[in-house]
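As structure tokens, the structure follows; a few thoughts come after it.
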Amino acid sequence: MPEIQAFRALRYDLGHVGALSDVVAPPYDVIGPELQDQLYQKHPANVIRLILNRDEPGDDDTHNRYTRAARFLRNWCSEGLLQRDPDPALYVYHQTFHYGGQELNRRGFMARIRLERFGEGKIYPHEETHAAAKADRFKLTVACKANLSQIFGLYPDEENTAQEILERAVQGVTPLEAVDHLGVIHRMWPVSDIKVIAEAAAVLGTKPMFIADGHHRYETACNYRDHLSGGQTLPGSHPANFVLGMCVSMSDPGMVVLPTHRLFRGLPQLTSAELQATLGDCFQADVAGRGPETAHAVWETIELEEEQGVIGFYTAADQQWTVVRITPAGRQRMAQVATDHSAVWQQLGVSILHRLVIETLFGAKQLPKAEYVHLVEELVDGLRRGDGPDQPYPLAALVMPATVQHVRKISESQERMPAKSTYFYPKLLTGLVINPLE
């Protein structure tokens, strides 16, 4: 595994800000305008003012949301709202949440991770990145000179040995605690014992790390390091050689990967019969009921089969659900149209949906961006909003998520999944720790 290090985090002083729940936030890329407003109102020092500062009238190259974020960060440090920990630490981090009728607890720890360009070491991406998002995060990093949010890294550890070493170190210790807007409970313990830190790092050894979330932030950290170095090499201990990361064992019992369902725009209105005609012999199709609400029963069928090649389609023209299963002819066609990818990539539900169905059989390679949702009820709500002649979503799809093992296999083969192939739930909180880069 890449080198991990303890670090002296910047953390909120609760004596100044009160409750930790009032100053933390989800990652910037899952915050919409409504939640942004709520976080702004929650506390004058909420981390939203750093990670997603508002645009203001009159903004220019010297006064803008990035410079405002940097000013807030400087002021909060000088006023004591944010304080640097006295000793380097790893930060054990638990997230307790409910899913599938069960209470689960995902465990990990936050550390500094030495940067490696993708393809040059043992850190692997699994999804594509976009230039605009990286440019946005780069401007923020240059202004603030800090990692404000952590990446989410997975590593193989079948017995969870590294995490258990840290768990023993915090047993009986009262954690810092925050509750997010979804009711997820976040608990954190700093571990500064040098021996414990060394033992955990030694277990990780030469294991690989797979980026589960935060690809844009990781590549931005590499770009910032190169920006500072000016074509030279920074001293090995320079903080910009590292990125703030959350490290989670792939075998952790609290690991949950949610699906990302699609509401498509830009396709013609069509019925279930027309859909089936378009899919031809690539899929075997079964009509599964009418109306948006039937999505729940359709998804239950798909989950029970637990096959990547099973997809549920909703055709708005006749409000019909159709469950399709890829056939041998479909597998052969997929292999023909995805020769640039491995067999594992070709078997993914999201790959089949986009490469075979949308791009090949529908011939639609330049669609407007789909609406992505993770819960079936969110998809139902989207379809209900579009009832009537102005239906904006002519087609919706329920699709299985990629698994942690898919992430590993595809990453190790130097491939990247289609966008929105995974959604690791719950999201990590921003504001628990900040990693200064000076």
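Numbering starts fresh at 1 for the residues of each chain in the structure tokens, the chains themselves are lettered A, B, ... in the order given, and ligands are numbered from 1 as they appear.
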Check which residues of stretch 242-339 of chain A sit at most 6 Å from stretch 103-116 of chain A using only C-alpha atoms, and return one row each with the closest pair of atoms and their distance in Å to one decimal, ordered by chain and rising number, as a tab-separated table.
residue	atom	partner	partner_atom	distance
A:Phe242	CA	A:Arg114	CA	4.3
A:Val243	CA	A:Ile113	CA	5.3
A:Leu244	CA	A:Arg112	CA	4.8
A:Gly245	CA	A:Met110	CA	5.5
A:Met246	CA	A:Met110	CA	4.3
A:Cys247	CA	A:Phe109	CA	5.4
A:Val248	CA	A:Gly108	CA	4.5
A:Gly254	CA	A:Arg106	CA	4.0
Dump as a tab-separated table the rows for residues of stretch 152-235 of chain A within 12 Å of stretch 144-147 of chain A: closest atom pair and distance in Å with one decimal, only C-alpha atoms counted, ordered by chain and rising residue number.
residue	atom	partner	partner_atom	distance
A:Gly214	CA	A:Asn147	CA	11.7
A:Arg217	CA	A:Asn147	CA	8.6
A:Tyr218	CA	A:Asn147	CA	9.9
A:Thr220	CA	A:Asn147	CA	9.9
A:Ala221	CA	A:Asn147	CA	8.0
A:Cys222	CA	A:Asn147	CA	11.7
A:Tyr224	CA	A:Lys145	CA	9.1
A:Arg225	CA	A:Lys145	CA	10.7
A:His227	CA	A:Lys145	CA	11.8
A:Leu228	CA	A:Lys145	CA	10.5
So which residues of stretch 93-326 of chain A fall under strand (DSSP E or B) by DSSP, listed as a ChimeraX atom specification?
/A:93-99,102-114,123-124,127,146-147,151-155,176-179,185-191,209-213,242-249,256-258,261-264,283-290,310-315,320-326
Keeping only C-alpha atoms, write the selected residues as a PDB file, in the first residue's frame.
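Output contents, as saved in part-v2.pdb:
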ATOM      1  CA  TYR A  93     -13.705   7.156  12.082  1.00  0.00           C
ATOM      2  CA  HIS A  94     -16.980   5.205  12.430  1.00  0.00           C
ATOM      3  CA  GLN A  95     -20.269   5.812  10.617  1.00  0.00           C
ATOM      4  CA  THR A  96     -23.393   4.227  12.108  1.00  0.00           C
ATOM      5  CA  PHE A  97     -26.397   4.073   9.785  1.00  0.00           C
ATOM      6  CA  HIS A  98     -29.461   2.056   8.819  1.00  0.00           C
ATOM      7  CA  TYR A  99     -29.790   0.158   5.569  1.00  0.00           C
ATOM      8  CA  GLN A 102     -30.357  -3.194   9.804  1.00  0.00           C
ATOM      9  CA  GLU A 103     -28.077  -0.932  11.792  1.00  0.00           C
ATOM     10  CA  LEU A 104     -24.588  -1.017  10.303  1.00  0.00           C
ATOM     11  CA  ASN A 105     -21.274   0.479  11.346  1.00  0.00           C
ATOM     12  CA  ARG A 106     -18.574   1.243   8.766  1.00  0.00           C
ATOM     13  CA  ARG A 107     -15.119   1.666  10.279  1.00  0.00           C
ATOM     14  CA  GLY A 108     -11.951   3.226   8.940  1.00  0.00           C
ATOM     15  CA  PHE A 109      -9.271   5.755   9.754  1.00  0.00           C
ATOM     16  CA  MET A 110      -8.057   9.031   8.298  1.00  0.00           C
ATOM     17  CA  ALA A 111      -4.400   9.567   7.460  1.00  0.00           C
ATOM     18  CA  ARG A 112      -2.104  11.376   5.071  1.00  0.00           C
ATOM     19  CA  ILE A 113      -1.421   9.206   2.011  1.00  0.00           C
ATOM     20  CA  ARG A 114       1.665   9.744  -0.134  1.00  0.00           C
ATOM     21  CA  ILE A 123      -3.145   3.611  -6.002  1.00  0.00           C
ATOM     22  CA  TYR A 124      -5.868   2.794  -8.518  1.00  0.00           C
ATOM     23  CA  GLU A 127     -14.093   6.007 -12.459  1.00  0.00           C
ATOM     24  CA  ALA A 146      -5.216  22.610   2.536  1.00  0.00           C
ATOM     25  CA  ASN A 147      -7.083  19.374   1.892  1.00  0.00           C
ATOM     26  CA  ILE A 151     -10.646  10.934  -0.449  1.00  0.00           C
ATOM     27  CA  PHE A 152     -12.131   7.490   0.258  1.00  0.00           C
ATOM     28  CA  GLY A 153      -9.672   4.630  -0.258  1.00  0.00           C
ATOM     29  CA  LEU A 154     -10.295   0.883  -0.039  1.00  0.00           C
ATOM     30  CA  TYR A 155      -7.608  -1.687   0.721  1.00  0.00           C
ATOM     31  CA  LEU A 176     -16.204  13.107  19.159  1.00  0.00           C
ATOM     32  CA  GLU A 177     -19.656  12.750  17.627  1.00  0.00           C
ATOM     33  CA  ALA A 178     -21.756  14.421  14.949  1.00  0.00           C
ATOM     34  CA  VAL A 179     -25.070  13.606  13.278  1.00  0.00           C
ATOM     35  CA  ILE A 185     -23.974   9.125  13.327  1.00  0.00           C
ATOM     36  CA  HIS A 186     -20.282   9.947  12.821  1.00  0.00           C
ATOM     37  CA  ARG A 187     -17.761   9.185  15.591  1.00  0.00           C
ATOM     38  CA  MET A 188     -14.052   9.983  15.627  1.00  0.00           C
ATOM     39  CA  TRP A 189     -11.084   9.213  17.882  1.00  0.00           C
ATOM     40  CA  PRO A 190      -7.542  10.621  17.415  1.00  0.00           C
ATOM     41  CA  VAL A 191      -4.819   7.982  17.935  1.00  0.00           C
ATOM     42  CA  MET A 209      -5.414   1.091  -2.512  1.00  0.00           C
ATOM     43  CA  PHE A 210      -8.475   1.646  -4.681  1.00  0.00           C
ATOM     44  CA  ILE A 211     -10.130   5.063  -4.820  1.00  0.00           C
ATOM     45  CA  ALA A 212     -13.798   4.536  -3.946  1.00  0.00           C
ATOM     46  CA  ASP A 213     -14.731   8.224  -3.922  1.00  0.00           C
ATOM     47  CA  PHE A 242       0.377  13.744   0.575  1.00  0.00           C
ATOM     48  CA  VAL A 243      -3.405  13.805   0.423  1.00  0.00           C
ATOM     49  CA  LEU A 244      -5.966  13.464   3.203  1.00  0.00           C
ATOM     50  CA  GLY A 245      -7.596  10.059   2.939  1.00  0.00           C
ATOM     51  CA  MET A 246     -10.058   7.785   4.675  1.00  0.00           C
ATOM     52  CA  CYS A 247      -8.804   4.177   4.614  1.00  0.00           C
ATOM     53  CA  VAL A 248     -11.396   1.396   4.834  1.00  0.00           C
ATOM     54  CA  SER A 249     -10.887  -2.358   4.586  1.00  0.00           C
ATOM     55  CA  VAL A 256     -22.468  -0.827   1.441  1.00  0.00           C
ATOM     56  CA  VAL A 257     -22.506   0.050  -2.258  1.00  0.00           C
ATOM     57  CA  LEU A 258     -25.803   1.551  -3.389  1.00  0.00           C
ATOM     58  CA  HIS A 261     -30.473   4.367 -11.173  1.00  0.00           C
ATOM     59  CA  ARG A 262     -31.012   6.503 -14.272  1.00  0.00           C
ATOM     60  CA  LEU A 263     -33.719   8.844 -15.539  1.00  0.00           C
ATOM     61  CA  PHE A 264     -32.838   9.479 -19.188  1.00  0.00           C
ATOM     62  CA  PHE A 283     -32.298  -9.380 -24.311  1.00  0.00           C
ATOM     63  CA  GLN A 284     -35.133 -11.578 -23.144  1.00  0.00           C
ATOM     64  CA  ALA A 285     -37.921  -9.278 -21.898  1.00  0.00           C
ATOM     65  CA  ASP A 286     -40.802  -9.677 -19.442  1.00  0.00           C
ATOM     66  CA  VAL A 287     -43.480  -7.060 -18.865  1.00  0.00           C
ATOM     67  CA  ALA A 288     -43.589  -6.349 -15.145  1.00  0.00           C
ATOM     68  CA  GLY A 289     -46.503  -3.984 -14.462  1.00  0.00           C
ATOM     69  CA  ARG A 290     -47.608  -0.381 -14.924  1.00  0.00           C
ATOM     70  CA  VAL A 310     -30.721  -7.824 -15.438  1.00  0.00           C
ATOM     71  CA  ILE A 311     -32.109  -4.292 -15.933  1.00  0.00           C
ATOM     72  CA  GLY A 312     -35.529  -2.794 -15.275  1.00  0.00           C
ATOM     73  CA  PHE A 313     -36.812  -0.255 -17.836  1.00  0.00           C
ATOM     74  CA  TYR A 314     -39.735   2.159 -17.515  1.00  0.00           C
ATOM     75  CA  THR A 315     -41.190   3.468 -20.752  1.00  0.00           C
ATOM     76  CA  GLN A 320     -44.925   0.210 -18.430  1.00  0.00           C
ATOM     77  CA  TRP A 321     -42.136  -1.588 -16.608  1.00  0.00           C
ATOM     78  CA  THR A 322     -40.120  -4.215 -18.511  1.00  0.00           C
ATOM     79  CA  VAL A 323     -37.463  -6.429 -16.924  1.00  0.00           C
ATOM     80  CA  VAL A 324     -34.813  -7.488 -19.432  1.00  0.00           C
ATOM     81  CA  ARG A 325     -32.094 -10.147 -19.130  1.00  0.00           C
ATOM     82  CA  ILE A 326     -29.104 -10.205 -21.425  1.00  0.00           C
TER      83      ILE A 326
END
Where in stretch 25-235 of chain A does DSSP assign alpha helix (DSSP H), given as a tab-separated table (two decimals) with N, CA and C atoms, in the first residue's frame?
chain	number	residue	atom	x	y	z
A	33	PRO	N	-28.37	23.27	-4.02
A	33	PRO	CA	-28.61	24.64	-3.54
A	33	PRO	C	-29.41	24.70	-2.23
A	34	GLU	N	-30.43	23.83	-2.09
A	34	GLU	CA	-31.25	23.87	-0.88
A	34	GLU	C	-30.44	23.47	0.34
A	35	LEU	N	-29.67	22.38	0.24
A	35	LEU	CA	-28.85	21.96	1.37
A	35	LEU	C	-27.75	22.97	1.65
A	36	GLN	N	-27.20	23.57	0.60
A	36	GLN	CA	-26.19	24.60	0.80
A	36	GLN	C	-26.74	25.74	1.65
A	37	ASP	N	-27.97	26.17	1.35
A	37	ASP	CA	-28.60	27.24	2.14
A	37	ASP	C	-28.79	26.80	3.59
A	38	GLN	N	-29.24	25.57	3.78
A	38	GLN	CA	-29.46	25.07	5.15
A	38	GLN	C	-28.15	25.06	5.94
A	39	LEU	N	-27.06	24.66	5.31
A	39	LEU	CA	-25.78	24.60	6.00
A	39	LEU	C	-25.25	26.01	6.29
A	40	TYR	N	-25.48	26.93	5.37
A	40	TYR	CA	-25.09	28.32	5.63
A	40	TYR	C	-25.80	28.86	6.87
A	41	GLN	N	-27.06	28.51	7.01
A	41	GLN	CA	-27.86	29.01	8.12
A	41	GLN	C	-27.58	28.30	9.43
A	42	LYS	N	-26.99	27.11	9.35
A	42	LYS	CA	-26.83	26.29	10.55
A	42	LYS	C	-25.82	26.88	11.52
A	48	ILE	N	-19.22	24.53	5.01
A	48	ILE	CA	-19.76	24.80	3.68
A	48	ILE	C	-19.13	26.07	3.11
A	49	ARG	N	-18.77	27.02	3.97
A	49	ARG	CA	-18.17	28.28	3.51
A	49	ARG	C	-16.76	28.07	2.97
A	50	LEU	N	-16.18	26.92	3.28
A	50	LEU	CA	-14.88	26.58	2.71
A	50	LEU	C	-15.03	25.74	1.45
A	51	ILE	N	-15.81	24.66	1.53
A	51	ILE	CA	-15.83	23.68	0.43
A	51	ILE	C	-16.76	24.08	-0.71
A	65	ARG	N	-15.36	33.16	-4.80
A	65	ARG	CA	-15.71	32.19	-3.76
A	65	ARG	C	-14.49	31.44	-3.24
A	66	TYR	N	-13.43	31.34	-4.03
A	66	TYR	CA	-12.22	30.67	-3.56
A	66	TYR	C	-11.45	31.55	-2.59
A	67	THR	N	-11.32	32.84	-2.93
A	67	THR	CA	-10.61	33.74	-2.02
A	67	THR	C	-11.40	33.95	-0.73
A	68	ARG	N	-12.73	33.94	-0.84
A	68	ARG	CA	-13.55	34.05	0.38
A	68	ARG	C	-13.33	32.83	1.27
A	69	ALA	N	-13.29	31.65	0.68
A	69	ALA	CA	-13.05	30.45	1.47
A	69	ALA	C	-11.71	30.53	2.18
A	70	ALA	N	-10.68	30.99	1.47
A	70	ALA	CA	-9.36	31.11	2.08
A	70	ALA	C	-9.38	32.12	3.23
A	71	ARG	N	-10.12	33.21	3.06
A	71	ARG	CA	-10.20	34.21	4.12
A	71	ARG	C	-10.91	33.64	5.35
A	72	PHE	N	-12.00	32.91	5.13
A	72	PHE	CA	-12.68	32.27	6.26
A	72	PHE	C	-11.72	31.32	6.99
A	73	LEU	N	-10.98	30.53	6.23
A	73	LEU	CA	-10.07	29.57	6.85
A	73	LEU	C	-9.02	30.28	7.70
A	74	ARG	N	-8.42	31.34	7.15
A	74	ARG	CA	-7.43	32.10	7.92
A	74	ARG	C	-8.05	32.71	9.17
A	75	ASN	N	-9.22	33.30	9.02
A	75	ASN	CA	-9.85	33.96	10.17
A	75	ASN	C	-10.22	32.95	11.26
A	76	TRP	N	-10.77	31.83	10.87
A	76	TRP	CA	-11.17	30.83	11.86
A	76	TRP	C	-9.96	30.28	12.61
A	77	CYS	N	-8.83	30.18	11.91
A	77	CYS	CA	-7.62	29.73	12.59
A	77	CYS	C	-7.11	30.79	13.57
A	78	SER	N	-7.08	32.05	13.12
A	78	SER	CA	-6.57	33.12	13.98
A	78	SER	C	-7.48	33.37	15.17
A	131	ALA	N	-12.63	17.46	-16.35
A	131	ALA	CA	-11.70	18.59	-16.23
A	131	ALA	C	-12.28	19.74	-15.43
A	132	ALA	N	-13.58	20.04	-15.61
A	132	ALA	CA	-14.18	21.19	-14.92
A	132	ALA	C	-14.15	21.00	-13.41
A	133	ALA	N	-14.46	19.80	-12.94
A	133	ALA	CA	-14.46	19.55	-11.50
A	133	ALA	C	-13.05	19.64	-10.93
A	134	LYS	N	-12.06	19.16	-11.68
A	134	LYS	CA	-10.67	19.25	-11.20
A	134	LYS	C	-10.19	20.70	-11.18
A	135	ALA	N	-10.60	21.48	-12.18
A	135	ALA	CA	-10.21	22.90	-12.19
A	135	ALA	C	-10.79	23.64	-10.99
A	136	ASP	N	-12.04	23.33	-10.66
A	136	ASP	CA	-12.71	23.94	-9.51
A	136	ASP	C	-11.98	23.61	-8.21
A	137	ARG	N	-11.68	22.33	-8.00
A	137	ARG	CA	-11.01	21.92	-6.76
A	137	ARG	C	-9.57	22.44	-6.71
A	138	PHE	N	-8.93	22.57	-7.87
A	138	PHE	CA	-7.57	23.09	-7.89
A	138	PHE	C	-7.54	24.54	-7.43
A	139	LYS	N	-8.46	25.36	-7.92
A	139	LYS	CA	-8.53	26.77	-7.50
A	139	LYS	C	-8.74	26.88	-6.00
A	140	LEU	N	-9.58	25.98	-5.45
A	140	LEU	CA	-9.84	26.02	-4.01
A	140	LEU	C	-8.60	25.61	-3.23
A	141	THR	N	-7.89	24.59	-3.71
A	141	THR	CA	-6.69	24.13	-3.01
A	141	THR	C	-5.60	25.19	-3.05
A	142	VAL	N	-5.41	25.83	-4.19
A	142	VAL	CA	-4.41	26.89	-4.29
A	142	VAL	C	-4.74	28.03	-3.32
A	143	ALA	N	-6.01	28.37	-3.22
A	143	ALA	CA	-6.40	29.47	-2.34
A	143	ALA	C	-6.24	29.11	-0.87
A	144	CYS	N	-6.68	27.91	-0.49
A	144	CYS	CA	-6.73	27.55	0.92
A	144	CYS	C	-5.47	26.83	1.41
A	161	THR	N	-7.26	-6.61	10.02
A	161	THR	CA	-6.23	-6.58	11.06
A	161	THR	C	-5.80	-5.16	11.41
A	162	ALA	N	-5.56	-4.33	10.40
A	162	ALA	CA	-5.10	-2.97	10.68
A	162	ALA	C	-6.14	-2.19	11.46
A	163	GLN	N	-7.40	-2.33	11.07
A	163	GLN	CA	-8.46	-1.60	11.77
A	163	GLN	C	-8.59	-2.08	13.20
A	164	GLU	N	-8.44	-3.38	13.43
A	164	GLU	CA	-8.59	-3.91	14.79
A	164	GLU	C	-7.50	-3.40	15.71
A	165	ILE	N	-6.31	-3.18	15.18
A	165	ILE	CA	-5.23	-2.60	16.00
A	165	ILE	C	-5.66	-1.23	16.51
A	166	LEU	N	-6.25	-0.43	15.63
A	166	LEU	CA	-6.70	0.90	16.02
A	166	LEU	C	-7.92	0.85	16.92
A	167	GLU	N	-8.81	-0.14	16.68
A	167	GLU	CA	-10.00	-0.27	17.52
A	167	GLU	C	-9.62	-0.55	18.96
A	168	ARG	N	-8.62	-1.38	19.17
A	168	ARG	CA	-8.18	-1.68	20.54
A	168	ARG	C	-7.63	-0.43	21.22
A	169	ALA	N	-7.01	0.44	20.43
A	169	ALA	CA	-6.41	1.65	21.00
A	169	ALA	C	-7.46	2.65	21.47
A	170	VAL	N	-8.66	2.62	20.89
A	170	VAL	CA	-9.69	3.59	21.26
A	170	VAL	C	-10.78	2.98	22.12
A	194	ILE	N	2.57	6.34	19.01
A	194	ILE	CA	3.49	6.05	17.90
A	194	ILE	C	3.56	4.57	17.61
A	195	LYS	N	3.54	3.74	18.65
A	195	LYS	CA	3.64	2.29	18.45
A	195	LYS	C	2.40	1.75	17.73
A	196	VAL	N	1.24	2.20	18.13
A	196	VAL	CA	-0.01	1.75	17.50
A	196	VAL	C	-0.03	2.18	16.03
A	197	ILE	N	0.36	3.41	15.76
A	197	ILE	CA	0.38	3.92	14.39
A	197	ILE	C	1.31	3.07	13.53
A	198	ALA	N	2.49	2.75	14.06
A	198	ALA	CA	3.47	1.96	13.31
A	198	ALA	C	2.94	0.55	13.05
A	199	GLU	N	2.27	-0.04	14.03
A	199	GLU	CA	1.74	-1.39	13.85
A	199	GLU	C	0.67	-1.42	12.76
A	200	ALA	N	-0.22	-0.44	12.77
A	200	ALA	CA	-1.27	-0.39	11.75
A	200	ALA	C	-0.67	-0.18	10.36
A	201	ALA	N	0.31	0.72	10.27
A	201	ALA	CA	0.94	0.99	8.98
A	201	ALA	C	1.68	-0.23	8.46
A	202	ALA	N	2.30	-0.99	9.36
A	202	ALA	CA	3.05	-2.18	8.96
A	202	ALA	C	2.14	-3.25	8.37
A	203	VAL	N	0.94	-3.39	8.93
A	203	VAL	CA	-0.01	-4.38	8.42
A	203	VAL	C	-0.40	-4.05	6.99
A	204	LEU	N	-0.58	-2.77	6.71
A	204	LEU	CA	-0.99	-2.37	5.37
A	204	LEU	C	0.10	-2.67	4.34
A	215	HIS	N	-12.11	10.89	-6.69
A	215	HIS	CA	-11.13	10.87	-7.78
A	215	HIS	C	-10.67	12.28	-8.16
A	216	HIS	N	-11.61	13.22	-8.24
A	216	HIS	CA	-11.25	14.58	-8.62
A	216	HIS	C	-10.33	15.21	-7.58
A	217	ARG	N	-10.62	14.96	-6.31
A	217	ARG	CA	-9.79	15.52	-5.25
A	217	ARG	C	-8.40	14.90	-5.25
A	218	TYR	N	-8.32	13.61	-5.56
A	218	TYR	CA	-7.01	12.97	-5.61
A	218	TYR	C	-6.17	13.53	-6.75
A	219	GLU	N	-6.74	13.60	-7.94
A	219	GLU	CA	-5.98	14.12	-9.07
A	219	GLU	C	-5.63	15.60	-8.85
A	220	THR	N	-6.52	16.33	-8.19
A	220	THR	CA	-6.22	17.73	-7.84
A	220	THR	C	-5.03	17.82	-6.90
A	221	ALA	N	-4.94	16.91	-5.94
A	221	ALA	CA	-3.80	16.90	-5.01
A	221	ALA	C	-2.50	16.68	-5.77
A	222	CYS	N	-2.52	15.77	-6.76
A	222	CYS	CA	-1.33	15.56	-7.59
A	222	CYS	C	-0.99	16.82	-8.38
A	223	ASN	N	-2.00	17.46	-8.94
A	223	ASN	CA	-1.78	18.68	-9.71
A	223	ASN	C	-1.24	19.81	-8.84
A	224	TYR	N	-1.74	19.89	-7.61
A	224	TYR	CA	-1.27	20.94	-6.70
A	224	TYR	C	0.19	20.70	-6.32
A	225	ARG	N	0.54	19.45	-6.06
A	225	ARG	CA	1.94	19.12	-5.76
A	225	ARG	C	2.84	19.55	-6.91
A	226	ASP	N	2.45	19.23	-8.15
A	226	ASP	CA	3.25	19.59	-9.31
A	226	ASP	C	3.30	21.11	-9.49
A	227	HIS	N	2.20	21.77	-9.18
A	227	HIS	CA	2.14	23.23	-9.26
A	227	HIS	C	3.16	23.86	-8.31
A	228	LEU	N	3.24	23.35	-7.08
A	228	LEU	CA	4.17	23.89	-6.10
A	228	LEU	C	5.62	23.61	-6.48
A	229	SER	N	5.84	22.44	-7.05
A	229	SER	CA	7.22	22.02	-7.32
A	229	SER	C	7.82	22.78	-8.50
So how many Å separate atom CA of A:Ala19 and atom CA of A:Asp193, to one decimal?
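Taking atom CA of A:Ala19 and atom CA of A:Asp193, their separation equals 26.7 Å.
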Residues of stretch 243-295 of chain A at most 12 Å from stretch 362-368 of chain A: nearest atom pair and distance in Å, only C-alpha atoms, as a Markdown table:
| residue | atom | partner | partner_atom | distance |
| --- | --- | --- | --- | --- |
| A:Leu263 | CA | A:Pro368 | CA | 10.7 |
| A:Phe264 | CA | A:Pro368 | CA | 8.0 |
| A:Arg265 | CA | A:Pro368 | CA | 6.0 |
| A:Gly266 | CA | A:Leu367 | CA | 5.7 |
| A:Leu267 | CA | A:Leu367 | CA | 7.6 |
| A:Pro268 | CA | A:Phe362 | CA | 9.9 |
| A:Leu270 | CA | A:Phe362 | CA | 11.4 |
| A:Glu274 | CA | A:Phe362 | CA | 11.1 |
| A:Leu275 | CA | A:Phe362 | CA | 9.3 |
| A:Gln276 | CA | A:Phe362 | CA | 11.4 |
| A:Ala277 | CA | A:Phe362 | CA | 10.7 |
| A:Thr278 | CA | A:Phe362 | CA | 7.0 |
| A:Leu279 | CA | A:Phe362 | CA | 8.3 |
| A:Gly280 | CA | A:Phe362 | CA | 11.1 |
Store the residues picked out above, limited to C-alpha atoms, as a compact mmCIF listing (two decimals), in the first residue's frame.
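Dumped to selection.txt:
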# COMPACT_ATOMS: atom_id res chain seq x y z
CA LEU A 263 -33.72 8.84 -15.54
CA PHE A 264 -32.84 9.48 -19.19
CA ARG A 265 -33.49 12.63 -21.20
CA GLY A 266 -33.21 13.17 -24.93
CA LEU A 267 -34.64 9.84 -26.12
CA PRO A 268 -37.87 9.56 -28.12
CA LEU A 270 -41.54 4.83 -26.75
CA GLU A 274 -41.03 -0.53 -29.04
CA LEU A 275 -38.34 -0.95 -26.40
CA GLN A 276 -38.38 -4.72 -26.87
CA ALA A 277 -38.16 -4.31 -30.64
CA THR A 278 -35.14 -2.05 -30.20
CA LEU A 279 -33.39 -4.53 -27.89
CA GLY A 280 -34.02 -7.40 -30.32
Any idea what the distance is between atom CA of A:Ala45 and atom CA of A:Asp22?
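Answer for the atom CA of A:Ala45 to atom CA of A:Asp22 separation: 8.5 Å.
Considering the residues A:Tyr91, A:Thr62, A:Pro418, A:Glu56 and counting only C-alpha atoms, A:Arg11 has its shortest atom-to-atom contact with A:Tyr91.
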Please indicate the distance in Å from atom CA of A:Gly18 to atom CA of A:Leu82, rounded to one decimal place.
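Separation between atom CA of A:Gly18 and atom CA of A:Leu82: 12.2 Å.
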Exercise: A:Thr206 partners within 12 Å, only C-alpha atoms, chain neighbours under 6 positions left out, as a list in words:
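Selected residues are Met1, Pro2, Glu3, Ile4, Gly121, Lys122, Ile123, Tyr155, Pro156 and Asp157 of chain A.
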I'd like the neighbourhood of A:Leu148 as a compact mmCIF listing (two decimals) with C-alpha atoms, in the first residue's frame, where a residue qualifies if any of its atoms comes within 8 Å (using only C-alpha atoms), though same-chain residues fewer than 6 positions away should be ignored.
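Final output, saved to out36.txt:
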# COMPACT_ATOMS: atom_id res chain seq x y z
CA LEU A 50 -14.88 26.58 2.71
CA ILE A 51 -15.83 23.68 0.43
CA THR A 430 -16.26 17.14 5.66
CA GLY A 431 -15.03 19.25 8.57
CA VAL A 433 -10.35 17.12 10.08
CA ILE A 434 -8.50 19.43 7.68
CA ASN A 435 -5.02 18.63 6.36
